[in-house]
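Asks: This structure is in structure tokens; I'll ask about it shortly.
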Amino acid sequence: MSAPSRLRLAGLGFLGGLGVGLVLWSVQVQRSRRELFSKSPVRRLAALGYLGGQPSADTARLLVEYVDWEQRPMLRKRGRHLLRRMNAYLD
């Protein structure tokens with residue numbers, strides 16, 4: 001196999017991996033948004049952990065809704081903490 005063919009194949013592999021990664025990331029974001037309002041407190045806590053690493057205006061708006069919705073004090077406190085951190089990051 002010639003060098004240009006190998007280079008082309010490596011480039012296609014990289015782009016394919018990038019595409020698959022973007023799709024998986026999108027699925028994970030959607031799943032964590034769904035789980036944020038799950039009946040299970042453990043799933044909600046896991047979703048908060050994931051969303052804490054995804055600073056954006058959309059995530060901040062979602063956290064505002066979540067904090068208003070959440071009934072458990074510990075989870076509401078965690079949501080407020082993440083929201084403050086997110087707002088500080090975005091300002």
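All residue names refer to the structure tokens as shown: chains lettered A, B, ... in order, residues numbered from 1 in each chain, ligands numbered from 1 in order.
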Applying 12 Å and only C-alpha atoms, which residues near A:Ser40 remain after dropping the ones on its own chain fewer than 6 positions away? List them as a PDB file with C-alpha atoms, in the first residue's frame.
Replies:
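See out_14.pdb below for the written result:
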ATOM      1  CA  ARG A  34     -34.028  12.781  30.477  1.00  0.00           C
ATOM      2  CA  ALA A  46     -25.749  10.843  38.062  1.00  0.00           C
ATOM      3  CA  ALA A  47     -27.315  13.248  35.554  1.00  0.00           C
ATOM      4  CA  GLU A  70     -36.590  18.882  42.651  1.00  0.00           C
ATOM      5  CA  ARG A  72     -35.152  16.320  47.733  1.00  0.00           C
ATOM      6  CA  LEU A  75     -30.331  17.082  45.199  1.00  0.00           C
TER       7      LEU A  75
END
Asks: As a PyMOL selection string, please: all residues of chain A that backbone DSSP puts in alpha helix (DSSP H).
Replies: chain A and resi 3-35+41-52+57-69+73-90
Asks: Kindly save the residues from that selection, with C-alpha atoms included, as an mmCIF file, in the first residue's frame.
Replies:
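Produced file selection19.cif, reproduced below:
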data_model
loop_
_atom_site.group_PDB
_atom_site.id
_atom_site.type_symbol
_atom_site.label_atom_id
_atom_site.label_comp_id
_atom_site.auth_asym_id
_atom_site.auth_seq_id
_atom_site.Cartn_x
_atom_site.Cartn_y
_atom_site.Cartn_z
ATOM 1 C CA ALA A 3 1.949 6.237 1.526
ATOM 2 C CA PRO A 4 -0.853 8.427 0.043
ATOM 3 C CA SER A 5 -3.292 5.500 0.317
ATOM 4 C CA ARG A 6 -2.349 4.910 3.936
ATOM 5 C CA LEU A 7 -2.677 8.602 4.687
ATOM 6 C CA ARG A 8 -6.094 8.745 3.025
ATOM 7 C CA LEU A 9 -7.222 5.648 4.946
ATOM 8 C CA ALA A 10 -5.987 7.126 8.240
ATOM 9 C CA GLY A 11 -7.841 10.372 7.485
ATOM 10 C CA LEU A 12 -11.065 8.490 6.767
ATOM 11 C CA GLY A 13 -10.640 6.501 9.979
ATOM 12 C CA PHE A 14 -10.145 9.701 11.953
ATOM 13 C CA LEU A 15 -13.207 11.370 10.432
ATOM 14 C CA GLY A 16 -15.294 8.236 10.983
ATOM 15 C CA GLY A 17 -14.217 8.077 14.627
ATOM 16 C CA LEU A 18 -14.994 11.756 15.061
ATOM 17 C CA GLY A 19 -18.469 11.262 13.582
ATOM 18 C CA VAL A 20 -19.219 8.279 15.818
ATOM 19 C CA GLY A 21 -17.954 10.218 18.835
ATOM 20 C CA LEU A 22 -20.243 13.153 18.085
ATOM 21 C CA VAL A 23 -23.259 10.878 17.748
ATOM 22 C CA LEU A 24 -22.461 9.095 21.028
ATOM 23 C CA TRP A 25 -21.938 12.431 22.801
ATOM 24 C CA SER A 26 -25.301 13.685 21.529
ATOM 25 C CA VAL A 27 -27.040 10.518 22.744
ATOM 26 C CA GLN A 28 -25.384 10.860 26.164
ATOM 27 C CA VAL A 29 -26.491 14.498 26.494
ATOM 28 C CA GLN A 30 -30.075 13.580 25.627
ATOM 29 C CA ARG A 31 -30.029 10.663 28.057
ATOM 30 C CA SER A 32 -28.679 12.780 30.904
ATOM 31 C CA ARG A 33 -31.312 15.457 30.261
ATOM 32 C CA ARG A 34 -34.028 12.781 30.477
ATOM 33 C CA GLU A 35 -32.522 11.216 33.585
ATOM 34 C CA PRO A 41 -32.808 9.922 42.857
ATOM 35 C CA VAL A 42 -29.659 7.965 41.946
ATOM 36 C CA ARG A 43 -30.226 8.619 38.232
ATOM 37 C CA ARG A 44 -30.894 12.287 38.947
ATOM 38 C CA LEU A 45 -27.649 12.517 40.912
ATOM 39 C CA ALA A 46 -25.749 10.843 38.062
ATOM 40 C CA ALA A 47 -27.315 13.248 35.554
ATOM 41 C CA LEU A 48 -26.279 16.210 37.714
ATOM 42 C CA GLY A 49 -22.725 14.862 37.771
ATOM 43 C CA TYR A 50 -22.651 14.586 34.012
ATOM 44 C CA LEU A 51 -24.235 17.986 33.389
ATOM 45 C CA GLY A 52 -21.763 19.603 35.773
ATOM 46 C CA ALA A 57 -26.414 28.380 28.535
ATOM 47 C CA ASP A 58 -28.759 25.479 27.688
ATOM 48 C CA THR A 59 -27.483 23.447 30.627
ATOM 49 C CA ALA A 60 -27.922 26.447 32.938
ATOM 50 C CA ARG A 61 -31.544 26.877 31.803
ATOM 51 C CA LEU A 62 -32.151 23.174 32.352
ATOM 52 C CA LEU A 63 -30.689 23.402 35.858
ATOM 53 C CA VAL A 64 -32.994 26.327 36.690
ATOM 54 C CA GLU A 65 -35.977 24.150 35.777
ATOM 55 C CA TYR A 66 -34.534 21.233 37.709
ATOM 56 C CA VAL A 67 -33.912 23.214 40.915
ATOM 57 C CA ASP A 68 -37.518 24.450 40.832
ATOM 58 C CA TRP A 69 -38.790 20.885 40.254
ATOM 59 C CA PRO A 73 -33.115 18.957 49.622
ATOM 60 C CA MET A 74 -29.744 17.288 48.954
ATOM 61 C CA LEU A 75 -30.331 17.082 45.199
ATOM 62 C CA ARG A 76 -31.787 20.600 45.055
ATOM 63 C CA LYS A 77 -28.704 21.901 46.889
ATOM 64 C CA ARG A 78 -26.423 20.081 44.420
ATOM 65 C CA GLY A 79 -28.397 21.543 41.510
ATOM 66 C CA ARG A 80 -28.091 25.081 42.936
ATOM 67 C CA HIS A 81 -24.357 24.601 43.427
ATOM 68 C CA LEU A 82 -23.922 23.484 39.818
ATOM 69 C CA LEU A 83 -26.083 26.366 38.610
ATOM 70 C CA ARG A 84 -23.946 28.911 40.499
ATOM 71 C CA ARG A 85 -20.794 27.331 39.075
ATOM 72 C CA MET A 86 -22.280 27.337 35.587
ATOM 73 C CA ASN A 87 -23.338 30.990 35.826
ATOM 74 C CA ALA A 88 -19.863 31.987 37.066
ATOM 75 C CA TYR A 89 -18.301 30.118 34.152
ATOM 76 C CA LEU A 90 -20.613 31.723 31.588
#
